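Peer 1: Submitted below is the structure of interest, expressed as C-alpha cells.
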Amino acid sequence: MATEDPKSSPNYFLTWRYLVFWLSSLLSNIGSWMQDVAQPWLVLSLSGSAFWVGATSFATNIPGLLFTLPGGLLADRFDRKKVTLFFQAIQFVFVLLLVILLITGWLKVWMIIVISFIVGLTDSLCNPALQTIVPSLVKREDIPRAVSLSSAQFNLSRILGPVIAGVVIARFGIVACYGANAISYLPFFIAIWFIYPNKRGKISSVPTISKPLDQFREIRKLLRARAVYLPLTTVFVANLFCGPLITFCSVLIRDVFHSGEHNFGWVMAAFGTGALMGAAVSFINMPASFSRHKLAAMVAVLQGALLAGVALNRSFPLLFVLLTLAGAVQIIVNISVNTFLQEHAADNMRGRVVSLYQMAMYSGISIGALLTGFIVAKTNITEAFLMNAVLAVILQAWFLSRLLRKTEGFRGKI
C-alpha cells in the first residue's frame with residue numbers, strides 16, 4: 001500500500017476519509033445515472049433505431065476491453081491520485097461539450113458515439129487507480145465490507161438517479177440531466193484531492209517492474225491462474241448476455257409496454273433497488289469453506305433465468321419485481337468476483353488485478369450491447385432477450401458444473 005505517516009493510517013481516518021469518498025461518489029454517480037437515463041431516449045429520438053442505442057453503449061464500454069489493462073499499469077506505476085484527476089478532468093470537459101451541443105441544437109448521433117467513446121476511454125484508464133482508493137482507506141480484513149459499502153453507494157445512486165432524472169426530464173428536458181452530471185464532477189474532484197493517500201500512490205513494500213513488456217508478462221501469468229480466469233469468465237459471460245437488459249430497457253418500455261421516459265426512470269429505480277439489496281447480501285461474511293467466486297457462478301445461472309422472465313412478461317407490476325431481482329443477482333455476481341480478487345491480490349498487483357476484472361466486465365457489456373442491438377434491429381426486443389437468456393443459462397450452468405467439480409478452495413495470494 002501507499003506509505004503514509006501514522007496519523008494518516010486507515011484506522012485513524014476511516015470515519016471522515018471514507019465518508020467523504022462515499023458521499024462524493026454518491027453525488028457523482030447520481031449525475032451519471034441521470035445522464036444514462038436520458039441518453040437512450042435522446043439516441044432513440046434522434047435516430048429512431050434500437051441499433052444505435054446498442055452502438056452508443058458499445059462505444060462507451062469497448063474501451064474497457066482495449067484500455068483497462070494499460071490503466072492497471074498506470075495505477076501500479078504512477079501517482080494514482082494524479083492519474084485519477086487527470087482523466088476525470090478530460091471526461092468532465094466532454095460532458096460539458098455534450099451540454100453545449102444540446103443547448104445549441106447541433107448534437108448528432110455520431111457526436112454522441114464519439115464522445116461516449118472518449119468518456120469510456122478515460123474511465124478505462126483511470127478506474128483501476130480509482131478502485132484502489134477503498135483498499136487504501138481500510139485494513140485488509142475490512143476490504144470485503146468496504147467494497148460492499150461502495151457498491152451499495154453505487155446502487156443507491158442507481159435508485160436516486162433515474163427517479164430524479166424522470167422528474168427533471170418531465171419538467172426541464174433532457175439537457176438538464178446532462179447539466180446535472182457535469183456539476184456532479186465538482187465535489188468529486190475536491191474529495192479525491194483531499195482523501196487520496198499523500199505522495200505517490202505506488203506500492204513501496206514491493207518494487208514494481210519497470211519495463212512495460214515485463215508488466216504485460218505478469219498479466220499473462222495472472223490470466224493462467226485458475227483463481228483469476230475462472231471468476232473472470234463468470235463475469236464476462238454474465239455481462240455479455242445479461243448486461244444488455246439495462247442498455248435496452250428503454251426499447252423494452254417503448255416497444256412492449258408502449259410507455260415513456262418517466263416510467264423508464266421508475267423501472268431503472270427498481271433495478272437499482274434490487275442492486276442495493278444485492279450489495280447488502282454481499283456485505284454478509286461468507287463461510288471460509290465457501291469461496292465467493294462459487295457464489296457468483298451459482299447466482300449467474302439465476303440471472304439468465306430472470307432475463308427470460310423479463311422477455312416473456314407483459315405485466316408492468318411484475319416487471320418491477322423481475323427487474324428488482326435482476327438488479328440483486330447482477331450486483332451479487334460482480335461484487336463476489338471483485339471482492340474475491342481484491343482479497344487475494346498482492347498489494348503491488350492490485351491495480352492489474354482490478355483492471356482484469358473491469359476488462360472482463362466492460363468487454364462483456366460492450367460486445368453484448370452491439371450484438372443485442374443487431375438482433376433487435378433484425379427481430380425484436382423479446383426474441384433478443386430470450387436468445388441471450390437461453391445462452392446465459394446454458395453456459396453458466398456448464399461453467400458452474402466445472403467449478404463445483406474443483407471442490408478445493410483457493411488459498412494464498414494472486
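Just so we're on the same page: first chain in the C-alpha cells is A, next is B, and so on; residues restart at 1 for each chain, and ligands are numbered from 1 in the order they show up.
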Need to verify the contact set: Ala305 of chain A, 8 Å, only C-alpha atoms, exclusion of same-chain residues closer than 2 positions in sequence. Can you return it as a PyMOL selection string?
Peer 2: chain A and resi 301-303+307-309+389-390+393
Peer 1: Keeping only N, CA and C atoms, write the selected residues as a PDB file, in the first residue's frame.
Peer 2:
```
ATOM      1  N   VAL A 301     -26.426 -18.253 -12.969  1.00  0.00           N
ATOM      2  CA  VAL A 301     -27.437 -19.098 -13.626  1.00  0.00           C
ATOM      3  C   VAL A 301     -28.825 -18.492 -13.418  1.00  0.00           C
ATOM      4  N   LEU A 302     -29.099 -18.058 -12.190  1.00  0.00           N
ATOM      5  CA  LEU A 302     -30.383 -17.414 -11.882  1.00  0.00           C
ATOM      6  C   LEU A 302     -30.563 -16.129 -12.675  1.00  0.00           C
ATOM      7  N   GLN A 303     -29.472 -15.402 -12.903  1.00  0.00           N
ATOM      8  CA  GLN A 303     -29.539 -14.160 -13.668  1.00  0.00           C
ATOM      9  C   GLN A 303     -30.079 -14.404 -15.077  1.00  0.00           C
ATOM     10  N   LEU A 307     -33.705 -13.040 -16.844  1.00  0.00           N
ATOM     11  CA  LEU A 307     -33.775 -12.349 -18.130  1.00  0.00           C
ATOM     12  C   LEU A 307     -34.851 -12.963 -19.012  1.00  0.00           C
ATOM     13  N   ALA A 308     -34.970 -14.294 -18.982  1.00  0.00           N
ATOM     14  CA  ALA A 308     -36.037 -14.961 -19.740  1.00  0.00           C
ATOM     15  C   ALA A 308     -37.407 -14.526 -19.230  1.00  0.00           C
ATOM     16  N   GLY A 309     -37.541 -14.392 -17.907  1.00  0.00           N
ATOM     17  CA  GLY A 309     -38.798 -13.923 -17.342  1.00  0.00           C
ATOM     18  C   GLY A 309     -39.163 -12.524 -17.799  1.00  0.00           C
ATOM     19  N   ALA A 389     -30.946 -15.047 -22.871  1.00  0.00           N
ATOM     20  CA  ALA A 389     -31.231 -15.772 -21.632  1.00  0.00           C
ATOM     21  C   ALA A 389     -30.884 -17.253 -21.760  1.00  0.00           C
ATOM     22  N   VAL A 390     -31.278 -17.860 -22.864  1.00  0.00           N
ATOM     23  CA  VAL A 390     -31.004 -19.287 -23.070  1.00  0.00           C
ATOM     24  C   VAL A 390     -29.500 -19.548 -23.089  1.00  0.00           C
ATOM     25  N   VAL A 393     -27.989 -19.134 -19.484  1.00  0.00           N
ATOM     26  CA  VAL A 393     -28.276 -20.254 -18.581  1.00  0.00           C
ATOM     27  C   VAL A 393     -27.433 -21.476 -18.938  1.00  0.00           C
TER      28      VAL A 393
END
```
Peer 1: Provide the atom CA of Lys108 of chain A to atom CA of Tyr178 of chain A distance in Å, to one decimal place.
Peer 2: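 Straight-line distance from atom CA of Lys108 of chain A to atom CA of Tyr178 of chain A works out to 15.2 Å.
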Peer 1: Choose the residue, out of A:Val267, A:Ile195, A:Cys242, A:Leu27, that has the smallest atom-to-atom separation from Pro162 of chain A; count only C-alpha atoms.
Peer 2: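 Checking each candidate against Pro162 of chain A, we get A:Val267 as the closest.
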Peer 1: Report the distance between atom CA of Leu85 of chain A and atom CA of Ala180 of chain A in Å, rounded to one decimal place.
Peer 2: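 Interatomic distance, atom CA of Leu85 of chain A to atom CA of Ala180 of chain A: 19.4 Å.
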Peer 1: Grab the atom CA of Trp110 of chain A to atom CA of Thr56 of chain A distance for me, in Å with one decimal place.
Peer 2: 8.9 Å
Peer 1: Write out as a list in words which residues come within 9 Å of Val354 of chain A when counting only C-alpha atoms, dropping same-chain ones fewer than 5 positions away.
Peer 2: Thr68, Leu69, Gly72, Asn127, Pro128, Ala129, Gln131, Thr132, Asn338, Leu341, Gln342, Ala345, Met349 and Met359 of chain A
Peer 1: Between A:Val281, A:Ala89, A:Val256, A:Leu73, which is the closest to Ile192 of chain A once you count only C-alpha atoms?
Peer 2: A:Ala89
Peer 1: Report as a ChimeraX atom specification all protein, DNA and RNA residues lying within 10 Å of Leu322 of chain A, evaluated on only C-alpha atoms, omitting residues in the same chain fewer than 4 positions from it.
Peer 2: /A:267,270-271,274,306-310,313,316-318,326-328
Peer 1: Could you give me, as a ChimeraX atom specification, the residues within 12 Å of Phe87 of chain A, counting only C-alpha atoms and dropping anything in the same chain fewer than 6 positions from it?
Peer 2: /A:71,74,80-81,93-94,118-130,185,189
